[in-house]
>>> print(open('final.txt').read())   # compact mmCIF, C-alpha atoms and all ligand atoms
# COMPACT_ATOMS: atom_id res chain seq x y z
CA MET G 1 35.88 -74.07 -72.17
CA SER G 2 34.28 -76.52 -69.75
CA SER G 3 30.56 -76.48 -69.02
CA THR G 4 31.10 -76.98 -65.27
CA PRO G 5 30.77 -73.52 -63.72
CA ILE G 6 34.03 -72.19 -62.28
CA ILE G 7 32.07 -71.17 -59.17
CA GLU G 8 28.77 -72.52 -57.97
CA VAL G 9 27.08 -71.06 -54.92
CA ARG G 10 24.29 -73.13 -53.38
CA HIS G 11 21.84 -71.59 -50.93
CA ILE G 12 24.29 -69.41 -49.04
CA THR G 13 23.11 -67.40 -46.07
CA LYS G 14 25.18 -65.08 -43.87
CA ARG G 15 23.99 -63.87 -40.50
CA PHE G 16 25.82 -61.28 -38.40
CA LYS G 17 24.30 -61.61 -34.91
CA GLY G 18 20.69 -60.52 -35.51
CA LEU G 19 21.13 -59.33 -39.08
CA THR G 20 20.71 -61.58 -42.13
CA ALA G 21 23.00 -59.92 -44.68
CA VAL G 22 22.62 -62.62 -47.36
CA LYS G 23 19.66 -64.99 -47.53
CA ASP G 24 19.53 -68.28 -49.43
CA VAL G 25 21.40 -67.06 -52.51
CA SER G 26 22.32 -69.47 -55.33
CA PHE G 27 24.05 -68.75 -58.64
CA SER G 28 26.94 -69.86 -60.77
CA ILE G 29 29.81 -68.17 -62.56
CA LYS G 30 30.63 -69.34 -66.07
CA GLU G 31 34.23 -70.22 -66.88
CA GLY G 32 35.79 -67.64 -69.22
CA ALA G 33 33.03 -65.06 -68.80
CA ILE G 34 32.66 -61.72 -67.02
CA THR G 35 29.82 -61.98 -64.50
CA GLY G 36 28.57 -58.97 -62.58
CA MET G 37 26.75 -58.48 -59.30
CA ILE G 38 24.73 -55.33 -58.71
CA GLY G 39 22.33 -54.04 -56.08
CA PRO G 40 21.76 -51.01 -53.88
CA ASN G 41 23.99 -50.22 -50.91
CA GLY G 42 23.59 -52.78 -48.17
CA ALA G 43 22.16 -55.40 -50.56
CA GLY G 44 24.73 -57.96 -49.43
CA LYS G 45 27.09 -57.82 -52.41
CA SER G 46 30.36 -57.48 -50.49
CA THR G 47 29.20 -60.11 -47.99
CA THR G 48 28.48 -62.55 -50.83
CA PHE G 49 31.83 -61.72 -52.36
CA ASN G 50 33.64 -62.23 -49.06
CA MET G 51 32.10 -65.67 -48.62
CA ILE G 52 33.06 -66.77 -52.12
CA CYS G 53 36.59 -65.42 -51.61
CA GLY G 54 37.06 -67.38 -48.40
CA TYR G 55 37.25 -64.25 -46.26
CA TYR G 56 34.62 -65.75 -43.97
CA PRO G 57 32.40 -68.83 -44.36
CA PRO G 58 28.64 -68.75 -45.00
CA THR G 59 26.39 -69.46 -42.02
CA GLU G 60 24.57 -71.92 -44.26
CA GLY G 61 25.05 -73.24 -47.79
CA ARG G 62 27.97 -74.50 -49.86
CA ILE G 63 30.40 -73.04 -52.40
CA PHE G 64 32.01 -75.07 -55.20
CA PHE G 65 35.04 -74.31 -57.36
CA ARG G 66 35.04 -76.37 -60.57
CA GLY G 67 32.83 -78.89 -58.80
CA GLN G 68 34.99 -79.12 -55.66
CA ASP G 69 33.50 -78.02 -52.32
CA ILE G 70 35.63 -75.09 -51.10
CA THR G 71 33.22 -73.77 -48.45
CA ASP G 72 35.71 -74.29 -45.63
CA LYS G 73 38.87 -73.20 -47.45
CA LYS G 74 40.68 -70.16 -46.13
CA ALA G 75 41.65 -67.04 -48.08
CA TYR G 76 45.23 -68.33 -48.04
CA ASP G 77 44.23 -71.46 -50.01
CA TYR G 78 42.63 -69.37 -52.72
CA THR G 79 45.73 -68.07 -54.45
CA LYS G 80 46.85 -71.71 -54.73
CA MET G 81 43.56 -72.36 -56.54
CA LYS G 82 44.43 -69.54 -58.96
CA ILE G 83 41.82 -67.21 -57.51
CA ALA G 84 42.68 -63.56 -56.78
CA ARG G 85 40.69 -60.61 -55.51
CA THR G 86 40.87 -56.89 -55.01
CA PHE G 87 39.36 -55.11 -52.02
CA GLN G 88 36.76 -52.34 -52.06
CA ILE G 89 39.03 -50.56 -49.60
CA MET G 90 42.42 -50.62 -51.30
CA LYS G 91 45.21 -52.32 -49.40
CA PRO G 92 48.56 -51.55 -51.02
CA LEU G 93 51.82 -51.62 -49.05
CA LYS G 94 51.85 -47.84 -48.68
CA ASN G 95 55.54 -47.17 -48.21
CA LEU G 96 56.67 -49.38 -51.07
CA SER G 97 56.93 -48.28 -54.68
CA VAL G 98 54.47 -49.49 -57.26
CA LEU G 99 57.09 -51.88 -58.61
CA GLU G 100 57.94 -53.26 -55.15
CA ASN G 101 54.25 -53.80 -54.43
CA VAL G 102 53.84 -55.88 -57.57
CA VAL G 103 57.13 -57.74 -57.03
CA ALA G 104 55.94 -58.71 -53.53
CA SER G 105 52.72 -60.16 -54.97
CA CYS G 106 54.71 -62.28 -57.44
CA TYR G 107 55.89 -64.42 -54.51
CA PHE G 108 52.34 -65.55 -53.63
CA GLY G 109 50.14 -68.29 -54.92
CA HIS G 110 50.33 -71.23 -57.25
CA ALA G 111 52.92 -69.61 -59.51
CA ALA G 112 55.08 -68.02 -56.79
CA ALA G 113 58.28 -66.65 -58.29
CA LYS G 114 61.35 -68.68 -57.34
CA ASN G 115 63.77 -65.78 -57.31
CA GLU G 116 64.09 -62.02 -57.48
CA ARG G 117 64.81 -62.00 -61.22
CA GLU G 118 61.70 -63.98 -62.07
CA ALA G 119 59.58 -61.81 -59.76
CA ARG G 120 60.88 -58.57 -61.29
CA GLU G 121 60.42 -59.80 -64.84
CA ARG G 122 56.83 -60.77 -64.19
CA ALA G 123 56.21 -57.52 -62.30
CA MET G 124 57.47 -55.51 -65.29
CA ASP G 125 55.11 -57.40 -67.62
CA VAL G 126 52.17 -56.80 -65.30
CA LEU G 127 53.05 -53.11 -64.99
CA GLN G 128 53.15 -52.74 -68.78
CA PHE G 129 49.85 -54.57 -69.13
CA THR G 130 48.09 -52.44 -66.51
CA GLY G 131 49.55 -49.15 -67.74
CA LEU G 132 51.57 -48.49 -64.57
CA TYR G 133 55.05 -48.99 -65.99
CA GLU G 134 55.89 -45.28 -66.16
CA LYS G 135 54.86 -44.89 -62.52
CA ARG G 136 56.72 -47.90 -61.18
CA HIS G 137 59.02 -45.87 -58.91
CA ILE G 138 56.29 -43.82 -57.23
CA LEU G 139 55.34 -44.77 -53.67
CA SER G 140 51.89 -46.31 -53.79
CA LYS G 141 50.63 -43.93 -51.10
CA ASP G 142 51.46 -40.98 -53.39
CA MET G 143 49.21 -42.13 -56.23
CA GLY G 144 45.65 -41.01 -56.87
CA THR G 145 42.61 -43.29 -56.72
CA PRO G 146 42.62 -44.45 -60.37
CA ASP G 147 46.24 -45.61 -60.16
CA GLN G 148 45.69 -47.21 -56.76
CA LYS G 149 42.87 -49.21 -58.32
CA ARG G 150 45.14 -50.23 -61.18
CA LEU G 151 47.76 -51.23 -58.65
CA GLU G 152 45.19 -53.43 -56.89
CA MET G 153 44.56 -55.17 -60.20
CA ALA G 154 48.27 -55.40 -60.95
CA ARG G 155 48.91 -57.04 -57.57
CA ALA G 156 46.11 -59.52 -58.18
CA LEU G 157 47.40 -60.31 -61.70
CA ALA G 158 50.92 -60.87 -60.37
CA THR G 159 49.65 -64.09 -58.77
CA LYS G 160 48.61 -65.35 -62.26
CA PRO G 161 44.95 -65.98 -61.44
CA GLU G 162 42.47 -67.88 -63.58
CA LEU G 163 39.60 -66.27 -61.66
CA LEU G 164 39.63 -62.64 -60.57
CA PHE G 165 37.18 -60.99 -58.18
CA LEU G 166 36.80 -57.21 -58.36
CA ASP G 167 34.81 -55.34 -55.68
CA GLU G 168 33.78 -51.89 -56.92
CA ASN G 169 36.99 -51.37 -58.74
CA MET G 170 35.63 -48.31 -60.57
CA ALA G 171 34.14 -46.39 -57.65
CA GLY G 172 35.37 -42.81 -57.63
CA LEU G 173 36.59 -42.80 -61.24
CA ASN G 174 35.59 -40.13 -63.76
CA PRO G 175 34.08 -41.18 -67.12
CA ALA G 176 37.43 -41.29 -68.98
CA GLU G 177 39.06 -43.28 -66.17
CA THR G 178 36.04 -45.59 -66.09
CA GLU G 179 36.39 -46.20 -69.82
CA ALA G 180 40.08 -47.02 -69.35
CA ALA G 181 39.25 -49.38 -66.47
CA ILE G 182 36.62 -51.12 -68.63
CA GLU G 183 39.21 -51.65 -71.35
CA LEU G 184 41.70 -53.06 -68.86
CA ILE G 185 39.13 -55.48 -67.43
CA ARG G 186 38.19 -56.56 -70.93
CA SER G 187 41.81 -57.25 -71.83
CA ILE G 188 42.37 -59.20 -68.60
CA ASN G 189 39.35 -61.33 -69.51
CA LYS G 190 40.61 -61.79 -73.09
CA SER G 191 43.91 -63.04 -71.71
CA GLY G 192 41.94 -65.99 -70.30
CA VAL G 193 40.92 -64.83 -66.82
CA THR G 194 37.34 -65.42 -65.65
CA ILE G 195 36.03 -62.32 -63.88
CA PHE G 196 33.39 -61.77 -61.21
CA LEU G 197 32.80 -58.13 -60.38
CA ILE G 198 30.65 -56.00 -58.14
CA GLU G 199 30.03 -52.65 -59.73
CA HIS G 200 27.90 -49.61 -59.16
CA ILE G 201 28.55 -48.10 -62.57
CA MET G 202 25.83 -49.47 -64.86
CA GLN G 203 27.65 -48.49 -68.03
CA ALA G 204 30.51 -50.76 -66.97
CA VAL G 205 28.19 -53.65 -66.10
CA VAL G 206 26.27 -53.36 -69.35
CA SER G 207 29.35 -53.13 -71.52
CA LEU G 208 31.38 -55.85 -69.79
CA CYS G 209 29.11 -58.52 -68.36
CA GLU G 210 27.71 -61.57 -70.05
CA GLU G 211 25.54 -62.27 -67.02
CA VAL G 212 24.38 -60.14 -64.12
CA ILE G 213 23.04 -61.13 -60.71
CA VAL G 214 20.92 -58.62 -58.82
CA LEU G 215 20.75 -58.60 -55.02
CA HIS G 216 18.30 -56.66 -52.89
CA HIS G 217 18.00 -56.91 -49.10
CA GLY G 218 20.28 -59.95 -49.17
CA GLU G 219 18.19 -61.88 -51.69
CA LYS G 220 18.72 -62.58 -55.37
CA ILE G 221 15.89 -60.84 -57.21
CA ALA G 222 17.03 -61.33 -60.81
CA GLU G 223 19.73 -62.77 -63.03
CA GLY G 224 20.38 -62.88 -66.75
CA THR G 225 21.99 -60.79 -69.47
CA PRO G 226 22.37 -57.07 -68.68
CA GLU G 227 19.44 -56.43 -71.01
CA GLN G 228 17.25 -59.00 -69.29
CA VAL G 229 17.91 -57.68 -65.79
CA MET G 230 17.53 -54.03 -66.82
CA ASN G 231 14.11 -54.87 -68.21
CA ASP G 232 13.05 -57.03 -65.29
CA PRO G 233 10.00 -55.40 -63.65
CA MET G 234 11.21 -56.38 -60.15
CA VAL G 235 14.61 -54.80 -60.80
CA MET G 236 13.06 -51.64 -62.20
CA GLU G 237 10.62 -51.30 -59.34
CA VAL G 238 12.55 -52.50 -56.31
CA TYR G 239 16.11 -51.75 -57.27
CA LEU G 240 16.26 -48.94 -59.79
CA GLY G 241 13.21 -47.29 -58.24
CA LYS G 242 12.02 -45.81 -61.48
CA LYS G 243 12.15 -46.75 -65.12
CA GLU G 244 14.47 -44.05 -66.37
CA ALA G 245 17.09 -44.64 -63.67
CA SER G 246 19.26 -46.67 -65.99
CA ASN G 247 22.56 -44.81 -65.65
CA HIS G 248 23.35 -45.54 -62.08
CA ALA G 249 22.99 -48.52 -59.79
N1 LIG D 301 31.02 -57.77 -40.63
C1 LIG D 301 29.76 -57.34 -40.50
N2 LIG D 301 29.13 -57.32 -39.30
C2 LIG D 301 27.84 -56.91 -39.18
N3 LIG D 301 27.07 -56.50 -40.21
C3 LIG D 301 27.63 -56.51 -41.44
C4 LIG D 301 29.00 -56.92 -41.65
N4 LIG D 301 29.27 -56.80 -42.98
C5 LIG D 301 28.14 -56.35 -43.56
N5 LIG D 301 27.16 -56.16 -42.64
C6 LIG D 301 25.80 -55.71 -42.93
O1 LIG D 301 25.26 -56.58 -43.93
C7 LIG D 301 24.48 -55.85 -44.86
C8 LIG D 301 25.04 -56.05 -46.26
O2 LIG D 301 26.28 -55.37 -46.35
P1 LIG D 301 27.24 -55.49 -47.62
O3 LIG D 301 27.39 -56.91 -47.98
O4 LIG D 301 28.46 -54.73 -47.31
O5 LIG D 301 26.37 -54.73 -48.73
P2 LIG D 301 26.80 -54.12 -50.15
O6 LIG D 301 28.20 -54.54 -50.45
O7 LIG D 301 25.78 -54.66 -51.10
O8 LIG D 301 26.67 -52.63 -50.02
C9 LIG D 301 24.48 -54.38 -44.39
O9 LIG D 301 23.34 -54.17 -43.63
C10 LIG D 301 25.75 -54.33 -43.55
O10 LIG D 301 25.63 -53.33 -42.55
MG MG D 302 30.02 -53.40 -50.85
>>> encode(input="final.txt", output="structure tokens")
Amino acid sequence: MSSTPIIEVRHITKRFKGLTAVKDVSFSIKEGAITGMIGPNGAGKSTTFNMICGYYPPTEGRIFFRGQDITDKKAYDYTKMKIARTFQIMKPLKNLSVLENVVASCYFGHAAAKNEREARERAMDVLQFTGLYEKRHILSKDMGTPDQKRLEMARALATKPELLFLDENMAGLNPAETEAAIELIRSINKSGVTIFLIEHIMQAVVSLCEEVIVLHHGEKIAEGTPEQVMNDPMVMEVYLGKKEASNHA
């Protein structure tokens, strides 16, 4: 494991017309780890995520991937850099089966499949790994939220990423489904994929993340281990509101 962070964000700011959504935020993401970002609604989490994923550039500041400046790279370049993401709003190809969705993703990125056989073989592996194999012939639009979220992960994994971004991948899941999602994320990480996730469910953040970054009103107010940030007076006061509010972000 190298000591150069896989991602380093230096002083990024994003302004939308009059509104400053993210203000002078800096942090880094450790190679091999699971890093989380939390904060109340409107804190600027998705905006930060979108800048790091190349969805749109920061108004100010720079972003580095393994030491290389990628601030001006487009989302398209990212799969080539072995970076994949899921969206908070799921975007499957609705009228294709689960299998076809994953097969389609196998043709993207640095490890794009060279033929149908290779794509299908990899898709089958990914479906087994994500627990969707039995549902491979269902149309993606006919699946419930938990499976749609799994499909998002399966599609991301089909591009063989080394870095995976997850934006609120557990929103809307019940406790058992959340536990299953936590296990899946842990096994993805164990297979060698660095993970950066935005998550509202504290239990997930605490159990998965080595480091957590806390945003509030577009600014970073704390970072550290889950324990450190949960005990940070600023986080307790400004973000959690009250001391006992430790179950929910
Ligand atoms: N494309 C956009 N245009 C204008 N305002 C935006 C846009 N995206 C986000 N915002 C605003 O930026 C702020 C941060 O939003 P967001 O990053 O989505 O927060 P979070 O993901 O933490 O809930 C909010 O006030 C939101 O309304
Ligand atoms: Mg968001």
>>> residues_around(input="final.txt", residues="region 114-126 of chain G", least_positions_apart="6", cutoff="8 Å", atoms="all atoms listed in the file", output="VMD selection string")
chain G and resid 99 102 to 104 106 to 107 133 154 157 to 158
>>> closest_residue(input="final.txt", among="G:Thr48, G:Thr178, G:Gln228, G:Gln128", to="ligand LIG 301 (chain D)", atoms="only C-alpha atoms and all ligand atoms")
G:Thr48
>>> atom_distance(input="final.txt", atom1="CA of Thr225 (chain G)", atom2="CA of Glu211 (chain G)")
4.6 Å
>>> residues_near_ligand(input="final.txt", ligand="ligand LIG 301 (chain D)", cutoff="6 Å", atoms="only C-alpha atoms and all ligand atoms", output="JSON, numbers by chain")
{"G": [16, 21, 41, 42, 43, 44, 45, 46, 47]}
>>> atom_distance(input="final.txt", atom1="CA of Glu168 (chain G)", atom2="CA of Thr35 (chain G)")
13.2 Å
>>> atom_distance(input="final.txt", atom1="CA of Thr130 (chain G)", atom2="CA of Gly36 (chain G)")
21.0 Å
